[in-house]
Amino acid sequence: PSRISSRVRRIKPSPSTSAADRANELRRQGKSIVNLVVGEPDFDTPAHIRRAATEAMDKGATRYTLMSGTVELRQAIVAKLKRENGLDYAMNEIIVTSGAKSAIYNAFAVTVEPGDEVIIPAPYWVSYPDMVIACEGQPVIVACPEANGFKLTAAQLEAAITPRTRWLLINSPSNPTGASYTAAEYRALADVLLKHPHVMVMTDDIYEHIRFDGETTAHILAVEPALRDRTLVVNGVSKTYAMTGWRIGFAAGPADLVTAMDTLLSQTSGNCCSVSQAAATMALNGDQSFVAESVAVYKQRRDRTLANINAIPGLSCATPPGAFYLYINCSDLIGKKTPAGKPLQQDGDVVMYLLENAGVATVAGTAYGLSPYFRLSIATSIENLDEGCKRIAGAVAELH
Ligand code: PLP
């Protein structure tokens, strides 16, 4: 018998972490590896944000804060939600968490009873199903094929809802596809949700500002305010402000839900880092020019890498309107053989082949719940991306 609980034994380590580990191992062995795995901005946190952290430290902001976050940061979040999303929240409807990840997990932890269902459109961010499982819930994966823009339709939502449905999880723009719901698409989903008042909605808005099509990211709550009492808005500073290491995310939602999260977190982890909260306050209140500047850089990389990938016979990639990934269709490679004669039976074999034979690290679509695809991150230099594409092209040309 294992001394690790069955609840935890059911979950697996993050596949993107495993892929990164394997790439690092090959690198240690002296192989040249182009790492296109990591999903974090390659920029430094902007200087004015770093300065706010040092100043906070020097002024003594080194102690416990309120569990739900400093007044300054929650005020900044209230202002952000109003300014950028047109949403009204009070201070007691907001909680600051250690990254968006912690907000999502803790929201499940305070609401999911054993066997409760969470509808997760696939492809999905790798952590969602495991978080649900860790809370003894049941992930209900709904495949959203490329032909539908990798998006959930109203009919699919209607069919997936049962009396056990606790949550619908929405991530727009999405990791890994960049798929972004329009206001009209949200309208259709909201119409279904209005018929099923027991279903709560969690929106993971972490990539909202990383858009390449000039569109502002729509929000289901702005489209249908009647959902407010059962919606939890999750966001954070990690991706928008290149602050992944600072670990600041937040959730905004009905007070009973936020209070329950506050209670659980107060007994398990306590408040978020005081210095990081000061930095995040500056990120939200301060100069926003970094956002447009970094998005312009991501867009150049996206355009160029997308063209390079689509020029490779056997690979194709739909244009992602947001986030910083390419989700590449490799169905034409399935069934081909490597130079060593090994058949590629699934996207995991393609990813292994690219890693071992060409030294390019990516993540297989199986990790995201929709195959056969692989994900490549464009949050790295043009040089890395060009070299990666060159190697992928060479390796694919050797298949037969
Ligand atoms: N949500 C999505 C869709 C993500 O891709 C990520 C990071 O990869 C997160 C949440 C986690 O964000 P944070 O670093 O704020 O915990």
# chains A, B, ... in the order shown; residues from 1 in each chain; ligands from 1
$ residues_around --residues "Arg228 of chain A" --least-positions-apart "3" --cutoff "12 Å" --atoms "only C-alpha atoms" --output "PyMOL selection string"
chain A and resi 87-89+93+190+193-194+197+199-203+219-225+231-233+252-255
$ select_by_dssp --residues "segment 212-290 of chain A" --states "strand (DSSP E or B)" --output "PyMOL selection string"
chain A and resi 231-236+249-252
$ write_last_selection --atoms "N, CA and C atoms" --output "PDB file, in the first residue's frame"
ATOM      1  N   THR A 231     -20.322  33.298 -11.541  1.00  0.00           N
ATOM      2  CA  THR A 231     -19.102  33.325 -12.349  1.00  0.00           C
ATOM      3  C   THR A 231     -17.914  33.713 -11.490  1.00  0.00           C
ATOM      4  N   LEU A 232     -16.804  33.006 -11.707  1.00  0.00           N
ATOM      5  CA  LEU A 232     -15.554  33.382 -11.061  1.00  0.00           C
ATOM      6  C   LEU A 232     -14.577  33.799 -12.156  1.00  0.00           C
ATOM      7  N   VAL A 233     -14.119  35.034 -12.052  1.00  0.00           N
ATOM      8  CA  VAL A 233     -13.159  35.583 -13.010  1.00  0.00           C
ATOM      9  C   VAL A 233     -11.760  35.345 -12.454  1.00  0.00           C
ATOM     10  N   VAL A 234     -10.920  34.660 -13.225  1.00  0.00           N
ATOM     11  CA  VAL A 234      -9.549  34.389 -12.780  1.00  0.00           C
ATOM     12  C   VAL A 234      -8.578  35.098 -13.718  1.00  0.00           C
ATOM     13  N   ASN A 235      -7.599  35.743 -13.143  1.00  0.00           N
ATOM     14  CA  ASN A 235      -6.608  36.437 -13.964  1.00  0.00           C
ATOM     15  C   ASN A 235      -5.340  36.598 -13.130  1.00  0.00           C
ATOM     16  N   GLY A 236      -4.375  37.315 -13.658  1.00  0.00           N
ATOM     17  CA  GLY A 236      -3.133  37.509 -12.912  1.00  0.00           C
ATOM     18  C   GLY A 236      -2.166  38.353 -13.712  1.00  0.00           C
ATOM     19  N   GLY A 249      -1.732  36.065  -8.756  1.00  0.00           N
ATOM     20  CA  GLY A 249      -2.941  35.934  -9.555  1.00  0.00           C
ATOM     21  C   GLY A 249      -4.100  36.433  -8.714  1.00  0.00           C
ATOM     22  N   PHE A 250      -5.299  36.369  -9.252  1.00  0.00           N
ATOM     23  CA  PHE A 250      -6.440  36.754  -8.433  1.00  0.00           C
ATOM     24  C   PHE A 250      -7.721  36.141  -8.966  1.00  0.00           C
ATOM     25  N   ALA A 251      -8.745  36.152  -8.104  1.00  0.00           N
ATOM     26  CA  ALA A 251     -10.077  35.716  -8.503  1.00  0.00           C
ATOM     27  C   ALA A 251     -11.063  36.780  -8.062  1.00  0.00           C
ATOM     28  N   ALA A 252     -12.076  37.010  -8.899  1.00  0.00           N
ATOM     29  CA  ALA A 252     -13.154  37.941  -8.547  1.00  0.00           C
ATOM     30  C   ALA A 252     -14.460  37.195  -8.753  1.00  0.00           C
TER      31      ALA A 252
END
$ residues_around --residues "Thr182 of chain A" --least-positions-apart "5" --cutoff "12 Å" --atoms "only C-alpha atoms" --output "PyMOL selection string"
chain A and resi 149+151-153+172-173+187-189+215-220+222-223+321
$ closest_residue --among "A:Arg375, A:His400, A:Lys336, A:Lys239" --to "ligand 1" --atoms "only C-alpha atoms and all ligand atoms"
A:Lys239
$ closest_residue --among "A:Ala323, A:Ala134, A:Cys272, A:Ile141" --to "ligand 1" --atoms "only C-alpha atoms and all ligand atoms"
A:Ala323
